[in-house]
Amino acid sequence: MDKLTSMQAFVAVVEHGGFSAAADTMRLSKAMVSKHVQFLERLLGTRLINRSTRRIALTEAGHAYLVGCRGILGEVEALEQRIAGFGDRPQGLLKVLAPTSFGSFQLAPALAGYAELYPEVQAQLTLSDRPHGPLEEGVDLALHVGALPDSSLVARQIAEVRLIVCGAPAYFARHGEPATPAALVAHNCLRYSQGARKGMWLFREGERTSLMRVHGDFEASTGDAVRMAALTGHGLAQLPSYMIRADLASGSLRETLANFAPPPVPLYAVYAHRELSATVRVFIEFLERHFHTHA
């Protein structure tokens, strides 16, 4: 027999003053309620209730066991209510993994905003540019820019990101502006050294999208470093729109080769299971709204 059900039956017998009343409350037969109590007495090796035709009376062991049962059953009920709450509202620890530049420029502020909306959430952000998988990292959610490396991943596209070739006004003043991607052979191209496209820039000419290897005297393992080099006027860079939006708005960087800009790349939320907790599900919905105007 299930021990918790037997404990509930025992408490019901005591609180309702008899086996018949307890049976009605639990929607069990009187015989089944009696079997539950007998099961506990056999398990404990002592009598819990002295039975008579007119009333029931707890033994000394029964009094002690009643106190313990009420405490245990109360804790079980409180735990069930707490866990059930996870399906209703965001709460608890939210572990998110993201590329370094994207996480720094976009996700960190968004995550902070989400935690402010839902104070019961504790946000933990890990930044990494190496290939990853949510299950391997033990995270709830991973953000990925570009094509997914593994088609078996559960993913949801939440936004699109544009790739922009840009340079500082001082660079253009010294070296001029390329008219076509082919003209980049005469320019110093600042390269990102990580990922599948390291040293390669993406362009679109007509209906065709192609990768072009570029050359220059500077490369870095983070987009942040490439951006900083571009801001000094050292060369041209192809960077995601979220990273340089403020620089373009202020005029610190200027877009070039806009007519050859490639199609936007997808921004995915990647997770381990299709059944999401409220914390993760609401966060994904939050990101969709946020990046609709910010990506």
# chains A, B, ... in the order shown; residues from 1 in each chain; ligands from 1
$ residues_around --residues "Leu184 of chain A" --least-positions-apart "3" --cutoff "10 Å" --atoms "only C-alpha atoms" --output "number ranges by chain"
A: 177-181, 187-189, 212-216, 236
$ closest_atom_pairs --of "segment 17-114 of chain A" --to "segment 2-9 of chain A" --cutoff "9 Å" --atoms "only C-alpha atoms" --output "tab-separated table"
residue	atom	partner	partner_atom	distance
A:Phe19	CA	A:Ala9	CA	8.7
A:Ala22	CA	A:Ala9	CA	6.9
A:Ala23	CA	A:Ala9	CA	8.1
A:Met26	CA	A:Ala9	CA	7.6
A:Val33	CA	A:Ala9	CA	5.9
A:Ser34	CA	A:Ala9	CA	8.3
A:Lys35	CA	A:Ser6	CA	8.4
A:His36	CA	A:Ser6	CA	4.6
A:Val37	CA	A:Ser6	CA	6.2
A:Gln38	CA	A:Ser6	CA	8.9
A:Phe39	CA	A:Ser6	CA	7.4
A:Leu40	CA	A:Ser6	CA	6.8
A:Leu66	CA	A:Met7	CA	8.6
A:Cys69	CA	A:Met7	CA	6.2
A:Arg70	CA	A:Gln8	CA	8.6
A:Ile72	CA	A:Leu4	CA	9.0
A:Leu73	CA	A:Gln8	CA	7.6
$ select_by_dssp --residues "segment 146-289 of chain A" --states "helix (DSSP H, G or I)" --output "VMD selection string"
chain A and resid 169 to 175 181 to 186 223 to 231 241 to 250 258 to 260 278 to 289
$ write_last_selection --atoms "C-alpha atoms" --output "PDB file, in the first residue's frame"
ATOM      1  CA  PRO A 169      34.880  58.295 -41.115  1.00  0.00           C
ATOM      2  CA  ALA A 170      38.641  58.748 -40.637  1.00  0.00           C
ATOM      3  CA  TYR A 171      39.305  55.465 -42.451  1.00  0.00           C
ATOM      4  CA  PHE A 172      37.154  56.455 -45.424  1.00  0.00           C
ATOM      5  CA  ALA A 173      38.853  59.855 -45.541  1.00  0.00           C
ATOM      6  CA  ARG A 174      42.253  58.180 -45.909  1.00  0.00           C
ATOM      7  CA  HIS A 175      41.418  55.136 -48.057  1.00  0.00           C
ATOM      8  CA  PRO A 181      32.965  43.510 -52.476  1.00  0.00           C
ATOM      9  CA  ALA A 182      35.762  42.763 -54.953  1.00  0.00           C
ATOM     10  CA  ALA A 183      37.263  46.177 -54.164  1.00  0.00           C
ATOM     11  CA  LEU A 184      37.949  45.033 -50.603  1.00  0.00           C
ATOM     12  CA  VAL A 185      41.209  43.550 -51.855  1.00  0.00           C
ATOM     13  CA  ALA A 186      42.611  47.076 -51.562  1.00  0.00           C
ATOM     14  CA  GLY A 223      33.506  40.869 -32.022  1.00  0.00           C
ATOM     15  CA  ASP A 224      34.053  43.527 -29.348  1.00  0.00           C
ATOM     16  CA  ALA A 225      37.749  43.738 -30.216  1.00  0.00           C
ATOM     17  CA  VAL A 226      37.025  43.948 -33.950  1.00  0.00           C
ATOM     18  CA  ARG A 227      34.540  46.765 -33.284  1.00  0.00           C
ATOM     19  CA  MET A 228      37.061  48.710 -31.189  1.00  0.00           C
ATOM     20  CA  ALA A 229      39.670  48.424 -33.929  1.00  0.00           C
ATOM     21  CA  ALA A 230      37.140  49.700 -36.481  1.00  0.00           C
ATOM     22  CA  LEU A 231      36.290  52.665 -34.237  1.00  0.00           C
ATOM     23  CA  SER A 241      23.650  45.194 -36.357  1.00  0.00           C
ATOM     24  CA  TYR A 242      23.041  44.800 -32.627  1.00  0.00           C
ATOM     25  CA  MET A 243      26.719  45.498 -31.890  1.00  0.00           C
ATOM     26  CA  ILE A 244      27.116  48.749 -33.827  1.00  0.00           C
ATOM     27  CA  ARG A 245      23.637  50.304 -33.758  1.00  0.00           C
ATOM     28  CA  ALA A 246      24.690  53.082 -31.399  1.00  0.00           C
ATOM     29  CA  ASP A 247      27.940  53.665 -33.338  1.00  0.00           C
ATOM     30  CA  LEU A 248      26.022  54.083 -36.605  1.00  0.00           C
ATOM     31  CA  ALA A 249      23.532  56.421 -34.971  1.00  0.00           C
ATOM     32  CA  SER A 250      26.289  58.613 -33.519  1.00  0.00           C
ATOM     33  CA  ALA A 258      24.848  48.418 -48.298  1.00  0.00           C
ATOM     34  CA  ASN A 259      23.683  47.285 -51.751  1.00  0.00           C
ATOM     35  CA  PHE A 260      25.570  44.035 -51.230  1.00  0.00           C
ATOM     36  CA  ALA A 278       6.981  29.141 -17.177  1.00  0.00           C
ATOM     37  CA  THR A 279      10.331  30.806 -16.423  1.00  0.00           C
ATOM     38  CA  VAL A 280      11.851  29.771 -19.766  1.00  0.00           C
ATOM     39  CA  ARG A 281       8.664  30.066 -21.833  1.00  0.00           C
ATOM     40  CA  VAL A 282       7.885  33.612 -20.666  1.00  0.00           C
ATOM     41  CA  PHE A 283      11.535  34.620 -21.144  1.00  0.00           C
ATOM     42  CA  ILE A 284      11.457  33.475 -24.790  1.00  0.00           C
ATOM     43  CA  GLU A 285       8.258  35.468 -25.351  1.00  0.00           C
ATOM     44  CA  PHE A 286       9.921  38.459 -23.669  1.00  0.00           C
ATOM     45  CA  LEU A 287      12.927  38.163 -26.000  1.00  0.00           C
ATOM     46  CA  GLU A 288      10.694  38.011 -29.087  1.00  0.00           C
ATOM     47  CA  ARG A 289       9.102  41.328 -28.100  1.00  0.00           C
TER      48      ARG A 289
END
$ atom_distance --atom1 "atom CA of Val139 of chain A" --atom2 "atom CA of Val96 of chain A"
5.8 Å
$ closest_residue --among "A:Arg208, A:His290, A:Arg42, A:Arg89" --to "Leu276 of chain A" --atoms "only C-alpha atoms"
A:Arg89
$ atom_distance --atom1 "atom CA of Pro263 of chain A" --atom2 "atom CA of Glu207 of chain A"
10.3 Å
$ residues_around --residues "Leu58 of chain A" --least-positions-apart "4" --cutoff "6 Å" --atoms "only C-alpha atoms" --output "MDAnalysis selection string"
chainID A and resid 48:49 62:63
$ write_last_selection --atoms "N, CA and C atoms" --output "short mmCIF file (atom, residue, chain, number, x, y, z; two decimals), in the first residue's frame"
data_model
loop_
_atom_site.label_atom_id
_atom_site.label_comp_id
_atom_site.auth_asym_id
_atom_site.auth_seq_id
_atom_site.Cartn_x
_atom_site.Cartn_y
_atom_site.Cartn_z
N LEU A 48 -2.28 1.76 16.85
CA LEU A 48 -2.43 3.22 16.83
C LEU A 48 -3.79 3.66 17.35
N ILE A 49 -4.81 2.84 17.13
CA ILE A 49 -6.19 3.19 17.50
C ILE A 49 -6.81 2.02 18.25
N GLY A 62 -0.32 6.23 18.96
CA GLY A 62 -1.18 6.88 17.98
C GLY A 62 -1.12 8.39 18.07
N HIS A 63 -1.07 8.92 19.31
CA HIS A 63 -0.95 10.37 19.50
C HIS A 63 0.35 10.89 18.88
#
$ decode --residues "segment 78-197 of chain A" --atoms "C-alpha atoms" --output "PDB file, in the first residue's frame"
ATOM      1  CA  ALA A  78       3.328  22.780   0.688  1.00  0.00           C
ATOM      2  CA  LEU A  79       5.952  21.229  -1.610  1.00  0.00           C
ATOM      3  CA  GLU A  80       3.339  20.256  -4.189  1.00  0.00           C
ATOM      4  CA  GLN A  81       1.905  23.778  -4.189  1.00  0.00           C
ATOM      5  CA  ARG A  82       5.376  25.272  -4.564  1.00  0.00           C
ATOM      6  CA  ILE A  83       6.337  23.013  -7.466  1.00  0.00           C
ATOM      7  CA  ALA A  84       2.976  23.494  -9.140  1.00  0.00           C
ATOM      8  CA  GLY A  85       3.672  27.220  -9.027  1.00  0.00           C
ATOM      9  CA  PHE A  86       6.570  26.749 -11.433  1.00  0.00           C
ATOM     10  CA  GLY A  87       4.033  25.996 -14.140  1.00  0.00           C
ATOM     11  CA  ASP A  88       2.126  29.207 -13.484  1.00  0.00           C
ATOM     12  CA  ARG A  89       4.659  32.023 -13.086  1.00  0.00           C
ATOM     13  CA  PRO A  90       8.352  32.696 -13.720  1.00  0.00           C
ATOM     14  CA  GLN A  91      10.500  31.957 -10.679  1.00  0.00           C
ATOM     15  CA  GLY A  92      13.718  30.276  -9.637  1.00  0.00           C
ATOM     16  CA  LEU A  93      17.090  30.097 -11.380  1.00  0.00           C
ATOM     17  CA  LEU A  94      17.257  30.862 -15.123  1.00  0.00           C
ATOM     18  CA  LYS A  95      20.580  29.801 -16.701  1.00  0.00           C
ATOM     19  CA  VAL A  96      21.252  31.273 -20.140  1.00  0.00           C
ATOM     20  CA  LEU A  97      24.179  30.738 -22.528  1.00  0.00           C
ATOM     21  CA  ALA A  98      25.013  33.194 -25.317  1.00  0.00           C
ATOM     22  CA  PRO A  99      27.840  34.296 -27.657  1.00  0.00           C
ATOM     23  CA  THR A 100      30.146  36.806 -25.964  1.00  0.00           C
ATOM     24  CA  SER A 101      29.387  39.922 -28.011  1.00  0.00           C
ATOM     25  CA  PHE A 102      25.679  39.288 -28.348  1.00  0.00           C
ATOM     26  CA  GLY A 103      25.383  38.477 -24.656  1.00  0.00           C
ATOM     27  CA  SER A 104      27.256  41.623 -23.647  1.00  0.00           C
ATOM     28  CA  PHE A 105      25.538  44.082 -25.980  1.00  0.00           C
ATOM     29  CA  GLN A 106      22.002  42.766 -26.100  1.00  0.00           C
ATOM     30  CA  LEU A 107      21.200  39.852 -23.855  1.00  0.00           C
ATOM     31  CA  ALA A 108      22.577  41.166 -20.558  1.00  0.00           C
ATOM     32  CA  PRO A 109      20.301  44.262 -20.595  1.00  0.00           C
ATOM     33  CA  ALA A 110      17.329  42.160 -21.729  1.00  0.00           C
ATOM     34  CA  LEU A 111      17.942  39.573 -19.023  1.00  0.00           C
ATOM     35  CA  ALA A 112      18.175  42.284 -16.392  1.00  0.00           C
ATOM     36  CA  GLY A 113      14.892  43.731 -17.615  1.00  0.00           C
ATOM     37  CA  TYR A 114      13.232  40.331 -17.429  1.00  0.00           C
ATOM     38  CA  ALA A 115      14.468  39.762 -13.866  1.00  0.00           C
ATOM     39  CA  GLU A 116      13.124  43.187 -12.911  1.00  0.00           C
ATOM     40  CA  LEU A 117       9.685  42.269 -14.251  1.00  0.00           C
ATOM     41  CA  TYR A 118       9.770  38.937 -12.371  1.00  0.00           C
ATOM     42  CA  PRO A 119      11.575  39.450  -9.027  1.00  0.00           C
ATOM     43  CA  GLU A 120      11.333  35.745  -8.154  1.00  0.00           C
ATOM     44  CA  VAL A 121      13.713  34.912 -11.030  1.00  0.00           C
ATOM     45  CA  GLN A 122      17.468  34.676 -10.451  1.00  0.00           C
ATOM     46  CA  ALA A 123      19.270  35.147 -13.782  1.00  0.00           C
ATOM     47  CA  GLN A 124      22.634  33.547 -14.556  1.00  0.00           C
ATOM     48  CA  LEU A 125      24.296  34.413 -17.890  1.00  0.00           C
ATOM     49  CA  THR A 126      27.282  32.518 -19.312  1.00  0.00           C
ATOM     50  CA  LEU A 127      29.143  33.984 -22.297  1.00  0.00           C
ATOM     51  CA  SER A 128      31.060  31.727 -24.671  1.00  0.00           C
ATOM     52  CA  ASP A 129      31.984  31.702 -28.348  1.00  0.00           C
ATOM     53  CA  ARG A 130      32.836  28.021 -28.565  1.00  0.00           C
ATOM     54  CA  PRO A 131      30.349  25.485 -30.006  1.00  0.00           C
ATOM     55  CA  HIS A 132      27.824  24.515 -27.378  1.00  0.00           C
ATOM     56  CA  GLY A 133      24.750  22.470 -26.623  1.00  0.00           C
ATOM     57  CA  PRO A 134      22.217  23.273 -23.904  1.00  0.00           C
ATOM     58  CA  LEU A 135      22.320  19.765 -22.462  1.00  0.00           C
ATOM     59  CA  GLU A 136      26.110  19.735 -22.265  1.00  0.00           C
ATOM     60  CA  GLU A 137      26.244  23.103 -20.552  1.00  0.00           C
ATOM     61  CA  GLY A 138      23.416  22.391 -18.120  1.00  0.00           C
ATOM     62  CA  VAL A 139      21.633  25.610 -19.096  1.00  0.00           C
ATOM     63  CA  ASP A 140      17.932  26.274 -19.578  1.00  0.00           C
ATOM     64  CA  LEU A 141      18.317  28.252 -22.773  1.00  0.00           C
ATOM     65  CA  ALA A 142      21.023  29.080 -25.317  1.00  0.00           C
ATOM     66  CA  LEU A 143      20.947  31.989 -27.769  1.00  0.00           C
ATOM     67  CA  HIS A 144      22.477  31.292 -31.174  1.00  0.00           C
ATOM     68  CA  VAL A 145      23.100  33.679 -34.061  1.00  0.00           C
ATOM     69  CA  GLY A 146      23.139  32.079 -37.516  1.00  0.00           C
ATOM     70  CA  ALA A 147      22.387  28.622 -38.879  1.00  0.00           C
ATOM     71  CA  LEU A 148      22.059  25.902 -36.270  1.00  0.00           C
ATOM     72  CA  PRO A 149      24.948  23.429 -36.232  1.00  0.00           C
ATOM     73  CA  ASP A 150      22.700  20.551 -35.156  1.00  0.00           C
ATOM     74  CA  SER A 151      19.265  20.051 -36.733  1.00  0.00           C
ATOM     75  CA  SER A 152      18.174  17.870 -33.816  1.00  0.00           C
ATOM     76  CA  LEU A 153      18.202  20.852 -31.441  1.00  0.00           C
ATOM     77  CA  VAL A 154      14.858  22.232 -30.291  1.00  0.00           C
ATOM     78  CA  ALA A 155      14.912  25.860 -31.396  1.00  0.00           C
ATOM     79  CA  ARG A 156      12.654  28.843 -31.937  1.00  0.00           C
ATOM     80  CA  GLN A 157      13.601  31.803 -34.108  1.00  0.00           C
ATOM     81  CA  ILE A 158      12.998  34.987 -32.156  1.00  0.00           C
ATOM     82  CA  ALA A 159      14.538  37.656 -34.399  1.00  0.00           C
ATOM     83  CA  GLU A 160      16.835  38.399 -37.325  1.00  0.00           C
ATOM     84  CA  VAL A 161      20.229  40.089 -37.282  1.00  0.00           C
ATOM     85  CA  ARG A 162      21.761  42.107 -40.156  1.00  0.00           C
ATOM     86  CA  LEU A 163      25.457  41.907 -41.034  1.00  0.00           C
ATOM     87  CA  ILE A 164      26.895  45.344 -41.857  1.00  0.00           C
ATOM     88  CA  VAL A 165      30.233  46.306 -43.372  1.00  0.00           C
ATOM     89  CA  CYS A 166      31.341  49.485 -41.651  1.00  0.00           C
ATOM     90  CA  GLY A 167      34.275  51.779 -41.007  1.00  0.00           C
ATOM     91  CA  ALA A 168      35.137  54.988 -39.192  1.00  0.00           C
ATOM     92  CA  PRO A 169      34.880  58.295 -41.115  1.00  0.00           C
ATOM     93  CA  ALA A 170      38.641  58.748 -40.637  1.00  0.00           C
ATOM     94  CA  TYR A 171      39.305  55.465 -42.451  1.00  0.00           C
ATOM     95  CA  PHE A 172      37.154  56.455 -45.424  1.00  0.00           C
ATOM     96  CA  ALA A 173      38.853  59.855 -45.541  1.00  0.00           C
ATOM     97  CA  ARG A 174      42.253  58.180 -45.909  1.00  0.00           C
ATOM     98  CA  HIS A 175      41.418  55.136 -48.057  1.00  0.00           C
ATOM     99  CA  GLY A 176      38.162  55.893 -49.829  1.00  0.00           C
ATOM    100  CA  GLU A 177      35.067  53.686 -49.939  1.00  0.00           C
ATOM    101  CA  PRO A 178      34.828  50.310 -51.749  1.00  0.00           C
ATOM    102  CA  ALA A 179      32.286  50.256 -54.561  1.00  0.00           C
ATOM    103  CA  THR A 180      31.933  46.460 -54.662  1.00  0.00           C
ATOM    104  CA  PRO A 181      32.965  43.510 -52.476  1.00  0.00           C
ATOM    105  CA  ALA A 182      35.762  42.763 -54.953  1.00  0.00           C
ATOM    106  CA  ALA A 183      37.263  46.177 -54.164  1.00  0.00           C
ATOM    107  CA  LEU A 184      37.949  45.033 -50.603  1.00  0.00           C
ATOM    108  CA  VAL A 185      41.209  43.550 -51.855  1.00  0.00           C
ATOM    109  CA  ALA A 186      42.611  47.076 -51.562  1.00  0.00           C
ATOM    110  CA  HIS A 187      41.326  47.612 -48.015  1.00  0.00           C
ATOM    111  CA  ASN A 188      42.418  46.556 -44.548  1.00  0.00           C
ATOM    112  CA  CYS A 189      39.694  44.146 -43.356  1.00  0.00           C
ATOM    113  CA  LEU A 190      39.437  43.505 -39.625  1.00  0.00           C
ATOM    114  CA  ARG A 191      38.557  39.867 -39.121  1.00  0.00           C
ATOM    115  CA  TYR A 192      36.779  37.776 -36.525  1.00  0.00           C
ATOM    116  CA  SER A 193      38.822  34.627 -35.917  1.00  0.00           C
ATOM    117  CA  GLN A 194      36.150  32.369 -34.378  1.00  0.00           C
ATOM    118  CA  GLY A 195      33.210  30.386 -35.761  1.00  0.00           C
ATOM    119  CA  ALA A 196      32.579  28.642 -39.043  1.00  0.00           C
ATOM    120  CA  ARG A 197      33.127  31.788 -41.153  1.00  0.00           C
TER     121      ARG A 197
END
